[in-house]
file input_3.cif (mmCIF, C-alpha atoms)
data_data
#
loop_
_atom_site.group_PDB
_atom_site.id
_atom_site.type_symbol
_atom_site.label_atom_id
_atom_site.label_comp_id
_atom_site.auth_asym_id
_atom_site.auth_seq_id
_atom_site.Cartn_x
_atom_site.Cartn_y
_atom_site.Cartn_z
ATOM 1 C CA MET A 1 -19.728 38.403 7.533
ATOM 2 C CA GLY A 2 -16.713 38.907 9.846
ATOM 3 C CA ASN A 3 -18.202 41.772 11.903
ATOM 4 C CA GLN A 4 -21.404 39.786 12.486
ATOM 5 C CA ILE A 5 -19.615 36.805 13.971
ATOM 6 C CA LYS A 6 -19.305 37.132 17.734
ATOM 7 C CA ARG A 7 -19.462 33.482 18.867
ATOM 8 C CA ILE A 8 -18.616 30.303 16.972
ATOM 9 C CA GLY A 9 -19.250 26.667 17.779
ATOM 10 C CA ILE A 10 -16.700 23.939 17.074
ATOM 11 C CA LEU A 11 -17.477 20.219 16.775
ATOM 12 C CA THR A 12 -15.558 17.102 15.783
ATOM 13 C CA GLY A 13 -17.365 14.145 14.244
ATOM 14 C CA GLY A 14 -16.679 10.682 12.874
ATOM 15 C CA GLY A 15 -13.501 8.752 13.583
ATOM 16 C CA ASP A 16 -10.596 10.273 15.442
ATOM 17 C CA CYS A 17 -7.329 11.106 13.739
ATOM 18 C CA PRO A 18 -4.010 12.807 14.494
ATOM 19 C CA GLY A 19 -4.176 16.554 14.882
ATOM 20 C CA LEU A 20 -7.778 17.159 15.954
ATOM 21 C CA ASN A 21 -6.819 19.157 19.030
ATOM 22 C CA SER A 22 -4.264 21.081 16.979
ATOM 23 C CA VAL A 23 -7.001 22.188 14.587
ATOM 24 C CA ILE A 24 -9.253 23.205 17.476
ATOM 25 C CA TYR A 25 -6.362 25.186 18.974
ATOM 26 C CA GLY A 26 -5.657 26.871 15.630
ATOM 27 C CA ILE A 27 -9.313 27.954 15.361
ATOM 28 C CA MET A 28 -9.186 29.305 18.903
ATOM 29 C CA LEU A 29 -6.037 31.314 18.135
ATOM 30 C CA LYS A 30 -7.546 32.973 15.065
ATOM 31 C CA ALA A 31 -10.817 33.603 16.879
ATOM 32 C CA TYR A 32 -8.964 35.224 19.793
ATOM 33 C CA ASP A 33 -7.146 37.561 17.405
ATOM 34 C CA ALA A 34 -10.495 38.515 15.846
ATOM 35 C CA GLY A 35 -12.245 39.020 19.187
ATOM 36 C CA ILE A 36 -14.566 36.053 18.623
ATOM 37 C CA GLU A 37 -15.690 33.733 21.417
ATOM 38 C CA CYS A 38 -15.490 29.952 20.946
ATOM 39 C CA VAL A 39 -17.759 27.278 22.372
ATOM 40 C CA GLY A 40 -17.028 23.567 22.114
ATOM 41 C CA ILE A 41 -19.841 21.250 21.052
ATOM 42 C CA LEU A 42 -19.370 17.781 22.530
ATOM 43 C CA LYS A 43 -19.785 14.441 20.731
ATOM 44 C CA GLY A 44 -20.206 15.773 17.197
ATOM 45 C CA TRP A 45 -23.705 16.120 15.753
ATOM 46 C CA LYS A 46 -25.106 14.309 18.791
ATOM 47 C CA GLY A 47 -23.992 17.172 21.031
ATOM 48 C CA PHE A 48 -25.164 19.740 18.485
ATOM 49 C CA ILE A 49 -28.657 18.279 18.649
ATOM 50 C CA GLU A 50 -28.652 17.815 22.439
ATOM 51 C CA ASN A 51 -27.017 21.156 23.346
ATOM 52 C CA LEU A 52 -23.909 19.575 24.886
ATOM 53 C CA THR A 53 -21.360 22.369 25.096
ATOM 54 C CA ILE A 54 -18.295 23.497 27.010
ATOM 55 C CA PRO A 55 -16.570 26.908 27.063
ATOM 56 C CA LEU A 56 -13.295 27.136 25.147
ATOM 57 C CA ASN A 57 -11.060 29.638 26.903
ATOM 58 C CA ILE A 58 -7.733 29.810 25.086
ATOM 59 C CA SER A 59 -5.819 30.578 28.300
ATOM 60 C CA GLU A 60 -6.975 27.239 29.718
ATOM 61 C CA HIS A 61 -5.892 25.284 26.632
ATOM 62 C CA ASP A 62 -2.532 26.811 25.793
ATOM 63 C CA ASP A 63 -0.912 23.376 25.280
ATOM 64 C CA LEU A 64 -3.876 21.763 23.514
ATOM 65 C CA HIS A 65 -1.923 21.363 20.277
ATOM 66 C CA THR A 66 0.503 19.009 22.060
ATOM 67 C CA ILE A 67 -2.241 16.538 23.055
ATOM 68 C CA GLY A 68 -3.556 13.838 20.737
ATOM 69 C CA GLY A 69 -7.234 13.188 20.045
ATOM 70 C CA THR A 70 -10.060 15.652 20.589
ATOM 71 C CA LEU A 71 -11.101 17.255 23.864
ATOM 72 C CA LEU A 72 -14.586 17.676 22.351
ATOM 73 C CA PHE A 73 -15.064 13.916 21.948
ATOM 74 C CA THR A 74 -16.734 12.529 18.841
ATOM 75 C CA SER A 75 -19.582 10.352 17.601
ATOM 76 C CA ARG A 76 -20.963 8.985 14.351
ATOM 77 C CA THR A 77 -24.434 10.453 14.837
ATOM 78 C CA ASN A 78 -26.360 10.934 11.583
ATOM 79 C CA PRO A 79 -29.023 13.673 11.955
ATOM 80 C CA PHE A 80 -30.587 12.633 8.652
ATOM 81 C CA LYS A 81 -31.397 9.113 9.811
ATOM 82 C CA SER A 82 -35.006 9.991 10.734
ATOM 83 C CA GLY A 83 -37.815 9.782 8.221
ATOM 84 C CA SER A 84 -38.074 13.547 7.671
ATOM 85 C CA SER A 85 -36.836 15.194 4.480
ATOM 86 C CA LYS A 86 -33.230 16.296 4.277
ATOM 87 C CA GLU A 87 -34.278 19.919 3.767
ATOM 88 C CA GLN A 88 -36.535 19.897 6.824
ATOM 89 C CA ILE A 89 -33.838 18.412 9.050
ATOM 90 C CA ALA A 90 -31.251 20.868 7.706
ATOM 91 C CA LYS A 91 -33.538 23.765 8.649
ATOM 92 C CA GLU A 92 -34.095 22.280 12.118
ATOM 93 C CA LEU A 93 -30.325 22.011 12.576
ATOM 94 C CA ALA A 94 -29.818 25.606 11.431
ATOM 95 C CA ALA A 95 -32.355 26.716 14.040
ATOM 96 C CA LYS A 96 -30.045 25.253 16.696
ATOM 97 C CA PHE A 97 -27.627 28.128 16.079
ATOM 98 C CA ASP A 98 -29.887 30.431 18.119
ATOM 99 C CA ILE A 99 -30.410 27.811 20.834
ATOM 100 C CA LEU A 100 -26.654 27.277 21.150
ATOM 101 C CA GLY A 101 -26.006 31.004 20.978
ATOM 102 C CA ILE A 102 -23.604 30.768 18.044
ATOM 103 C CA ASP A 103 -23.327 32.828 14.864
ATOM 104 C CA ALA A 104 -21.269 30.274 12.941
ATOM 105 C CA LEU A 105 -20.241 26.642 13.132
ATOM 106 C CA VAL A 106 -16.903 24.994 12.356
ATOM 107 C CA ALA A 107 -17.463 21.286 11.679
ATOM 108 C CA ILE A 108 -14.299 19.176 11.718
ATOM 109 C CA GLY A 109 -14.813 15.791 10.122
ATOM 110 C CA GLY A 110 -14.749 13.426 7.205
ATOM 111 C CA ASP A 111 -17.187 12.965 4.350
ATOM 112 C CA ASP A 112 -20.122 11.971 6.594
ATOM 113 C CA THR A 113 -19.721 14.812 9.096
ATOM 114 C CA LEU A 114 -19.097 17.372 6.368
ATOM 115 C CA GLY A 115 -22.002 16.014 4.326
ATOM 116 C CA VAL A 116 -24.305 17.133 7.145
ATOM 117 C CA ALA A 117 -22.559 20.518 7.361
ATOM 118 C CA ASN A 118 -22.865 20.970 3.601
ATOM 119 C CA ALA A 119 -26.594 20.198 3.675
ATOM 120 C CA ILE A 120 -27.165 22.817 6.393
ATOM 121 C CA TYR A 121 -25.412 25.425 4.243
ATOM 122 C CA GLN A 122 -27.144 24.385 1.001
ATOM 123 C CA TYR A 123 -30.662 24.527 2.415
ATOM 124 C CA THR A 124 -30.312 27.457 4.842
ATOM 125 C CA ASN A 125 -27.198 29.467 3.869
ATOM 126 C CA ALA A 126 -26.081 29.269 7.525
ATOM 127 C CA ASN A 127 -22.521 30.240 8.410
ATOM 128 C CA VAL A 128 -20.803 26.855 8.298
ATOM 129 C CA VAL A 129 -17.118 26.078 7.745
ATOM 130 C CA GLY A 130 -16.024 22.505 7.030
ATOM 131 C CA VAL A 131 -12.537 21.321 7.981
ATOM 132 C CA PRO A 132 -11.460 18.194 6.041
ATOM 133 C CA LYS A 133 -10.370 15.702 8.684
ATOM 134 C CA THR A 134 -9.872 12.041 7.893
ATOM 135 C CA ILE A 135 -7.017 9.595 7.799
ATOM 136 C CA ASP A 136 -8.755 8.049 4.769
ATOM 137 C CA ASN A 137 -7.984 11.099 2.575
ATOM 138 C CA ASP A 138 -11.335 10.601 0.824
ATOM 139 C CA ILE A 139 -12.882 14.082 0.869
ATOM 140 C CA ALA A 140 -13.519 15.570 -2.569
ATOM 141 C CA GLY A 141 -11.881 18.897 -3.351
ATOM 142 C CA THR A 142 -8.796 18.266 -1.224
ATOM 143 C CA HIS A 143 -5.310 17.089 -2.099
ATOM 144 C CA TYR A 144 -4.537 15.718 1.363
ATOM 145 C CA THR A 145 -6.680 15.815 4.478
ATOM 146 C CA PHE A 146 -5.118 16.423 7.854
ATOM 147 C CA GLY A 147 -4.583 13.165 9.682
ATOM 148 C CA PHE A 148 -3.583 11.365 6.476
ATOM 149 C CA TRP A 149 0.183 11.844 6.516
ATOM 150 C CA SER A 150 0.631 11.051 10.206
ATOM 151 C CA SER A 151 -1.380 7.848 9.809
ATOM 152 C CA THR A 152 0.553 6.929 6.680
ATOM 153 C CA GLN A 153 3.781 7.266 8.653
ATOM 154 C CA LEU A 154 2.431 5.134 11.510
ATOM 155 C CA ALA A 155 1.267 2.383 9.144
ATOM 156 C CA SER A 156 4.589 2.478 7.318
ATOM 157 C CA ASN A 157 6.495 2.231 10.611
ATOM 158 C CA ALA A 158 4.339 -0.716 11.690
ATOM 159 C CA MET A 159 5.128 -2.613 8.482
ATOM 160 C CA ASP A 160 8.808 -1.782 8.829
ATOM 161 C CA ASN A 161 8.735 -3.276 12.317
ATOM 162 C CA LEU A 162 6.879 -6.374 11.115
ATOM 163 C CA THR A 163 9.562 -6.937 8.485
ATOM 164 C CA THR A 164 12.021 -7.847 11.251
ATOM 165 C CA THR A 165 9.723 -10.604 12.506
ATOM 166 C CA ALA A 166 8.836 -11.696 8.974
ATOM 167 C CA ARG A 167 12.509 -12.074 8.110
ATOM 168 C CA SER A 168 13.384 -13.907 11.332
ATOM 169 C CA HIS A 169 10.521 -16.404 11.063
ATOM 170 C CA GLN A 170 10.265 -16.546 7.261
ATOM 171 C CA ARG A 171 6.608 -15.575 7.415
ATOM 172 C CA VAL A 172 3.957 -14.119 5.166
ATOM 173 C CA PHE A 173 2.290 -11.174 6.909
ATOM 174 C CA ILE A 174 -1.015 -9.755 5.665
ATOM 175 C CA VAL A 175 -1.304 -6.269 7.161
ATOM 176 C CA GLU A 176 -4.810 -4.775 7.184
ATOM 177 C CA ILE A 177 -4.910 -0.990 7.005
ATOM 178 C CA MET A 178 -7.831 1.374 7.607
ATOM 179 C CA GLY A 179 -9.403 3.542 4.933
ATOM 180 C CA ARG A 180 -12.905 2.151 4.411
ATOM 181 C CA ASP A 181 -13.431 2.211 0.620
ATOM 182 C CA ALA A 182 -10.423 4.434 -0.139
ATOM 183 C CA GLY A 183 -6.970 2.943 -0.682
ATOM 184 C CA PHE A 184 -4.780 6.022 -0.162
ATOM 185 C CA LEU A 185 -3.440 4.940 3.240
ATOM 186 C CA THR A 186 -2.633 1.431 2.090
ATOM 187 C CA MET A 187 -1.031 2.575 -1.160
ATOM 188 C CA TYR A 188 1.164 5.300 0.338
ATOM 189 C CA SER A 189 2.238 3.350 3.440
ATOM 190 C CA GLY A 190 2.688 0.148 1.441
ATOM 191 C CA ILE A 191 4.997 1.849 -1.047
ATOM 192 C CA SER A 192 6.880 3.570 1.785
ATOM 193 C CA ALA A 193 7.417 0.295 3.649
ATOM 194 C CA GLY A 194 8.275 -1.680 0.517
ATOM 195 C CA ALA A 195 5.299 -4.045 0.747
ATOM 196 C CA ASP A 196 5.489 -6.882 -1.772
ATOM 197 C CA ILE A 197 1.771 -6.858 -2.617
ATOM 198 C CA ILE A 198 -0.681 -3.961 -2.166
ATOM 199 C CA LEU A 199 -4.455 -4.502 -2.359
ATOM 200 C CA ILE A 200 -6.809 -1.518 -2.500
ATOM 201 C CA PRO A 201 -10.606 -1.119 -2.858
ATOM 202 C CA GLU A 202 -10.390 0.908 -6.062
ATOM 203 C CA THR A 203 -9.046 -2.140 -7.942
ATOM 204 C CA PRO A 204 -10.771 -5.423 -7.004
ATOM 205 C CA PHE A 205 -8.068 -8.075 -6.839
ATOM 206 C CA ASP A 206 -7.692 -11.521 -8.351
ATOM 207 C CA LEU A 207 -6.505 -13.908 -5.622
ATOM 208 C CA GLU A 208 -4.775 -16.223 -8.092
ATOM 209 C CA GLU A 209 -2.983 -13.595 -10.176
ATOM 210 C CA ASP A 210 -2.374 -10.850 -7.635
ATOM 211 C CA VAL A 211 -1.516 -12.930 -4.574
ATOM 212 C CA ILE A 212 -0.890 -16.651 -5.184
ATOM 213 C CA ASP A 213 1.167 -16.258 -8.372
ATOM 214 C CA VAL A 214 3.183 -13.365 -6.907
ATOM 215 C CA LEU A 215 4.034 -15.358 -3.765
ATOM 216 C CA LYS A 216 5.036 -18.387 -5.866
ATOM 217 C CA ASN A 217 7.266 -16.277 -8.098
ATOM 218 C CA ARG A 218 8.883 -14.609 -5.101
ATOM 219 C CA VAL A 219 9.627 -17.815 -3.172
ATOM 220 C CA ASN A 220 10.947 -19.486 -6.336
ATOM 221 C CA ALA A 221 13.233 -16.477 -6.814
ATOM 222 C CA GLY A 222 14.664 -17.020 -3.343
ATOM 223 C CA TYR A 223 12.666 -14.626 -1.189
ATOM 224 C CA LYS A 224 12.119 -15.959 2.342
ATOM 225 C CA TYR A 225 9.489 -13.543 3.703
ATOM 226 C CA HIS A 226 6.678 -11.441 2.297
ATOM 227 C CA ILE A 227 4.593 -8.441 3.367
ATOM 228 C CA ILE A 228 1.110 -7.949 1.903
ATOM 229 C CA ALA A 229 -0.569 -4.594 2.598
ATOM 230 C CA THR A 230 -4.342 -4.709 2.204
ATOM 231 C CA SER A 231 -6.987 -2.058 2.702
ATOM 232 C CA GLU A 232 -9.799 -3.064 5.042
ATOM 233 C CA GLY A 233 -12.110 -2.387 2.096
ATOM 234 C CA ALA A 234 -10.162 -4.405 -0.491
ATOM 235 C CA TYR A 235 -12.249 -7.143 -2.066
ATOM 236 C CA PRO A 236 -11.897 -9.714 -4.858
ATOM 237 C CA ASN A 237 -13.396 -9.281 -8.296
ATOM 238 C CA SER A 238 -16.463 -11.385 -9.103
ATOM 239 C CA GLU A 239 -14.556 -13.945 -11.182
ATOM 240 C CA SER A 240 -11.974 -14.548 -8.479
ATOM 241 C CA LEU A 241 -14.595 -14.607 -5.705
ATOM 242 C CA ASN A 242 -16.501 -17.388 -7.471
ATOM 243 C CA ARG A 243 -13.408 -19.287 -8.642
ATOM 244 C CA ASP A 244 -10.819 -18.988 -5.884
ATOM 245 C CA PHE A 245 -12.530 -18.407 -2.553
ATOM 246 C CA LYS A 246 -13.639 -21.224 -0.287
ATOM 247 C CA THR A 247 -14.302 -19.319 2.967
ATOM 248 C CA ILE A 248 -16.500 -16.432 1.752
ATOM 249 C CA SER A 249 -19.021 -15.734 -0.998
ATOM 250 C CA LYS A 250 -20.859 -12.755 -2.508
ATOM 251 C CA GLU A 251 -23.469 -13.258 0.202
ATOM 252 C CA THR A 252 -20.781 -12.624 2.840
ATOM 253 C CA LEU A 253 -20.047 -9.208 1.326
ATOM 254 C CA ASP A 254 -23.723 -8.334 0.862
ATOM 255 C CA LYS A 255 -24.568 -9.139 4.487
ATOM 256 C CA LEU A 256 -21.965 -6.869 6.079
ATOM 257 C CA PRO A 257 -23.556 -4.654 8.790
ATOM 258 C CA LYS A 258 -23.761 -0.909 8.097
ATOM 259 C CA ASP A 259 -23.037 2.172 10.198
ATOM 260 C CA THR A 260 -25.469 5.005 10.871
ATOM 261 C CA PHE A 261 -24.628 6.638 7.536
ATOM 262 C CA GLY A 262 -25.315 3.421 5.617
ATOM 263 C CA ASN A 263 -21.663 2.563 4.974
ATOM 264 C CA PRO A 264 -20.731 -1.132 5.221
ATOM 265 C CA LEU A 265 -18.583 -1.871 8.269
ATOM 266 C CA LEU A 266 -15.666 -3.218 6.269
ATOM 267 C CA ALA A 267 -13.576 -3.952 9.339
ATOM 268 C CA LYS A 268 -16.182 -6.623 10.194
ATOM 269 C CA LEU A 269 -15.148 -8.533 7.079
ATOM 270 C CA ASN A 270 -11.561 -8.879 8.342
ATOM 271 C CA ILE A 271 -10.187 -9.305 4.843
ATOM 272 C CA SER A 272 -6.646 -9.946 6.119
ATOM 273 C CA GLN A 273 -7.763 -13.052 8.017
ATOM 274 C CA ILE A 274 -9.825 -14.206 5.035
ATOM 275 C CA ILE A 275 -6.712 -14.037 2.854
ATOM 276 C CA VAL A 276 -4.772 -15.979 5.505
ATOM 277 C CA ASP A 277 -7.486 -18.644 5.594
ATOM 278 C CA GLU A 278 -7.532 -18.913 1.798
ATOM 279 C CA LEU A 279 -3.744 -19.156 1.533
ATOM 280 C CA ASN A 280 -3.680 -21.869 4.204
ATOM 281 C CA LEU A 281 -5.974 -23.972 1.998
ATOM 282 C CA ARG A 282 -3.558 -23.861 -0.943
ATOM 283 C CA ASP A 283 -1.426 -26.985 -0.907
ATOM 284 C CA ASP A 284 0.213 -25.959 -4.190
ATOM 285 C CA LEU A 285 1.497 -22.778 -2.550
ATOM 286 C CA LYS A 286 2.810 -24.675 0.462
ATOM 287 C CA GLN A 287 4.613 -27.106 -1.834
ATOM 288 C CA ASP A 288 6.410 -24.268 -3.618
ATOM 289 C CA PHE A 289 7.573 -22.924 -0.269
ATOM 290 C CA GLN A 290 8.744 -26.349 0.922
ATOM 291 C CA ARG A 291 10.691 -27.002 -2.296
ATOM 292 C CA ASN A 292 12.609 -23.829 -1.542
ATOM 293 C CA GLY A 293 13.335 -24.792 2.052
ATOM 294 C CA VAL A 294 10.751 -22.443 3.589
ATOM 295 C CA ASP A 295 8.038 -23.595 5.968
ATOM 296 C CA PHE A 296 4.800 -21.875 4.966
ATOM 297 C CA GLU A 297 3.483 -19.694 7.792
ATOM 298 C CA CYS A 298 0.969 -16.941 7.186
ATOM 299 C CA ARG A 299 -0.430 -14.475 9.736
ATOM 300 C CA SER A 300 -2.672 -11.414 9.712
ATOM 301 C CA VAL A 301 -2.112 -8.144 11.533
ATOM 302 C CA VAL A 302 -4.885 -5.537 11.830
ATOM 303 C CA LEU A 303 -3.471 -2.085 12.537
ATOM 304 C CA GLY A 304 -6.886 -0.589 13.289
ATOM 305 C CA HIS A 305 -7.007 2.528 15.435
ATOM 306 C CA THR A 306 -3.310 2.392 16.275
ATOM 307 C CA MET A 307 -3.045 4.478 13.109
ATOM 308 C CA CYS A 308 -5.017 7.322 14.736
ATOM 309 C CA TRP A 309 -2.653 7.902 17.641
ATOM 310 C CA ASN A 310 -0.663 11.103 17.712
ATOM 311 C CA THR A 311 0.580 13.692 20.204
#

call {"tool": "encode", "arguments": {"input": "input_3.cif", "output": "structure tokens"}}
result
Amino acid sequence: MGNQIKRIGILTGGGDCPGLNSVIYGIMLKAYDAGIECVGILKGWKGFIENLTIPLNISEHDDLHTIGGTLLFTSRTNPFKSGSSKEQIAKELAAKFDILGIDALVAIGGDDTLGVANAIYQYTNANVVGVPKTIDNDIAGTHYTFGFWSSTQLASNAMDNLTTTARSHQRVFIVEIMGRDAGFLTMYSGISAGADIILIPETPFDLEEDVIDVLKNRVNAGYKYHIIATSEGAYPNSESLNRDFKTISKETLDKLPKDTFGNPLLAKLNISQIIVDELNLRDDLKQDFQRNGVDFECRSVVLGHTMCWNT
């Protein structure tokens, strides 16, 4: 296949993450060595469909690897959202290779972006390479995706910094960490930062056992501050949801809006604030704190896209 490849397209899709430009630069370096021309496709699959391209001349981007983000921009466009069959759309996308003047495509993205790339290859055998990019670390067949470790470090640093405030004010901080329905970021950064409680989507939590009882035991043992790391996609088990929660119900979870790929927008739930609201309703918890000379104060912090920054 190598001798047939004269021009390749590169796109980035989905959420941003540390290292995107570095990956683009690495592709450009290898392509230059092989005598292959690169063209940048703007705004992910949206640009692929709409023929939005820019030239990628390596001499003009010699320091690209030192710049955070992606110079190609990104979007969450789902080409399969129309009513046509997946096979038909995949063939239509493969036909765009000729329109764009490319012999191969390098798609840099997470499970949604690479799901589209995989479908194009499966149905048409087009020359497609998928690069596993996501801070969520949720792409099958990989140990660690690029973007994961940098974001883990940033989340860990943020919790380390919050510990100073938590200690000074004797607070409970609930720190909400990205990851959609994967808990890798929360687990790794929570362990690194020494979080006292870690809540992840893979194990639905029991508010009474996993949060209330732990906080009571800690304050009765003399601890004055507490850090709870929670994934944005963490949620209570059915028993706890019905028994312990006053501010949300199963209907709240079922009615979450969805993105273009049909994934629930878990950040809209704001689970960290829900936990704060629930804890503030627990007089028994406040009494345990007061008996130990600690005024109960609980706050949420949403790290959000601060975890995607990198240079």

call {"tool": "closest_residue", "arguments": {"input": "input_3.cif", "among": "A:Ile58, A:Ala95, A:Val116, A:Ala166", "to": "Lys81 of chain A", "atoms": "all atoms listed in the file"}}
result
A:Val116

call {"tool": "resolve_selection", "arguments": {"input": "input_3.cif", "expression": "the PyMOL selection byres ((chain A and resi 26) around 12)", "output": "ChimeraX atom specification"}}
result
/A:10,19-25,27-33,38,58,61-66,106,131

call {"tool": "atom_distance", "arguments": {"input": "input_3.cif", "atom1": "atom CA of Ala119 of chain A", "atom2": "atom CA of Ala90 of chain A"}}
result
6.2 Å

call {"tool": "closest_residue", "arguments": {"input": "input_3.cif", "among": "A:Leu42, A:Leu281, A:Ile174, A:Leu241", "to": "Ile228 of chain A", "atoms": "all atoms listed in the file"}}
result
A:Ile174

call {"tool": "residues_around", "arguments": {"input": "input_3.cif", "residues": "Phe148 of chain A", "least_positions_apart": "2", "cutoff": "9 Å", "atoms": "all atoms listed in the file", "output": "MDAnalysis selection string"}}
result
chainID A and resid 17:18 133:137 144:146 150:153 184:185

call {"tool": "write_last_selection", "arguments": {"input": "input_3.cif", "atoms": "C-alpha atoms", "output": "tab-separated table (two decimals), in the coordinates of the input"}}
result
chain	number	residue	atom	x	y	z
A	17	CYS	CA	-7.33	11.11	13.74
A	18	PRO	CA	-4.01	12.81	14.49
A	133	LYS	CA	-10.37	15.70	8.68
A	134	THR	CA	-9.87	12.04	7.89
A	135	ILE	CA	-7.02	9.60	7.80
A	136	ASP	CA	-8.76	8.05	4.77
A	137	ASN	CA	-7.98	11.10	2.58
A	144	TYR	CA	-4.54	15.72	1.36
A	145	THR	CA	-6.68	15.82	4.48
A	146	PHE	CA	-5.12	16.42	7.85
A	150	SER	CA	0.63	11.05	10.21
A	151	SER	CA	-1.38	7.85	9.81
A	152	THR	CA	0.55	6.93	6.68
A	153	GLN	CA	3.78	7.27	8.65
A	184	PHE	CA	-4.78	6.02	-0.16
A	185	LEU	CA	-3.44	4.94	3.24

call {"tool": "atom_distance", "arguments": {"input": "input_3.cif", "atom1": "atom CA of Leu265 of chain A", "atom2": "atom CA of Arg180 of chain A"}}
result
8.0 Å

call {"tool": "atom_distance", "arguments": {"input": "input_3.cif", "atom1": "atom CA of Ser82 of chain A", "atom2": "atom CA of Tyr121 of chain A"}}
result
19.3 Å

call {"tool": "closest_residue", "arguments": {"input": "input_3.cif", "among": "A:Ser75, A:Thr230, A:Ser85, A:Asn125", "to": "Met178 of chain A", "atoms": "all atoms listed in the file"}}
result
A:Thr230

call {"tool": "resolve_selection", "arguments": {"input": "input_3.cif", "expression": "the PyMOL selection byres ((chain A and resi 169) around 12)", "output": "PDB file with C-alpha atoms, in the coordinates of the input"}}
result
ATOM      1  CA  LEU A 162       6.879  -6.374  11.115  1.00  0.00           C
ATOM      2  CA  THR A 163       9.562  -6.937   8.485  1.00  0.00           C
ATOM      3  CA  THR A 164      12.021  -7.847  11.251  1.00  0.00           C
ATOM      4  CA  THR A 165       9.723 -10.604  12.506  1.00  0.00           C
ATOM      5  CA  ALA A 166       8.836 -11.696   8.974  1.00  0.00           C
ATOM      6  CA  ARG A 167      12.509 -12.074   8.110  1.00  0.00           C
ATOM      7  CA  SER A 168      13.384 -13.907  11.332  1.00  0.00           C
ATOM      8  CA  GLN A 170      10.265 -16.546   7.261  1.00  0.00           C
ATOM      9  CA  ARG A 171       6.608 -15.575   7.415  1.00  0.00           C
ATOM     10  CA  VAL A 172       3.957 -14.119   5.166  1.00  0.00           C
ATOM     11  CA  PHE A 173       2.290 -11.174   6.909  1.00  0.00           C
ATOM     12  CA  LYS A 224      12.119 -15.959   2.342  1.00  0.00           C
ATOM     13  CA  TYR A 225       9.489 -13.543   3.703  1.00  0.00           C
ATOM     14  CA  HIS A 226       6.678 -11.441   2.297  1.00  0.00           C
ATOM     15  CA  VAL A 294      10.751 -22.443   3.589  1.00  0.00           C
ATOM     16  CA  ASP A 295       8.038 -23.595   5.968  1.00  0.00           C
ATOM     17  CA  PHE A 296       4.800 -21.875   4.966  1.00  0.00           C
ATOM     18  CA  GLU A 297       3.483 -19.694   7.792  1.00  0.00           C
ATOM     19  CA  CYS A 298       0.969 -16.941   7.186  1.00  0.00           C
ATOM     20  CA  ARG A 299      -0.430 -14.475   9.736  1.00  0.00           C
TER      21      ARG A 299
END

call {"tool": "resolve_selection", "arguments": {"input": "input_3.cif", "expression": "the PyMOL selection byres ((chain A and resi 46) around 10)", "output": "list of chain:residue names"}}
result
A:Leu11, A:Gly13, A:Ile41, A:Leu42, A:Lys43, A:Gly44, A:Trp45, A:Gly47, A:Phe48, A:Ile49, A:Glu50, A:Asn51, A:Leu52, A:Thr74, A:Ser75, A:Arg76, A:Thr77, A:Asn78, A:Pro79

call {"tool": "closest_residue", "arguments": {"input": "input_3.cif", "among": "A:Glu209, A:Gly183, A:Thr252, A:Val175", "to": "Ile227 of chain A", "atoms": "all atoms listed in the file"}}
result
A:Val175

call {"tool": "residues_around", "arguments": {"input": "input_3.cif", "residues": "Pro132 of chain A", "least_positions_apart": "5", "cutoff": "8 Å", "atoms": "only C-alpha atoms", "output": "list in words"}}
result
Ile108, Gly109, Gly110, Asp111, Leu114, Ile139, Thr142, Thr145 and Phe146 of chain A

call {"tool": "closest_residue", "arguments": {"input": "input_3.cif", "among": "A:Trp149, A:Glu37, A:Asn127, A:Leu72", "to": "Ile54 of chain A", "atoms": "all atoms listed in the file"}}
result
A:Leu72

call {"tool": "residues_around", "arguments": {"input": "input_3.cif", "residues": "Asp98 of chain A", "least_positions_apart": "4", "cutoff": "12 Å", "atoms": "all atoms listed in the file", "output": "JSON, numbers by chain"}}
result
{"A": [7, 8, 9, 48, 51, 92, 93, 94, 102, 103, 104, 105, 126]}
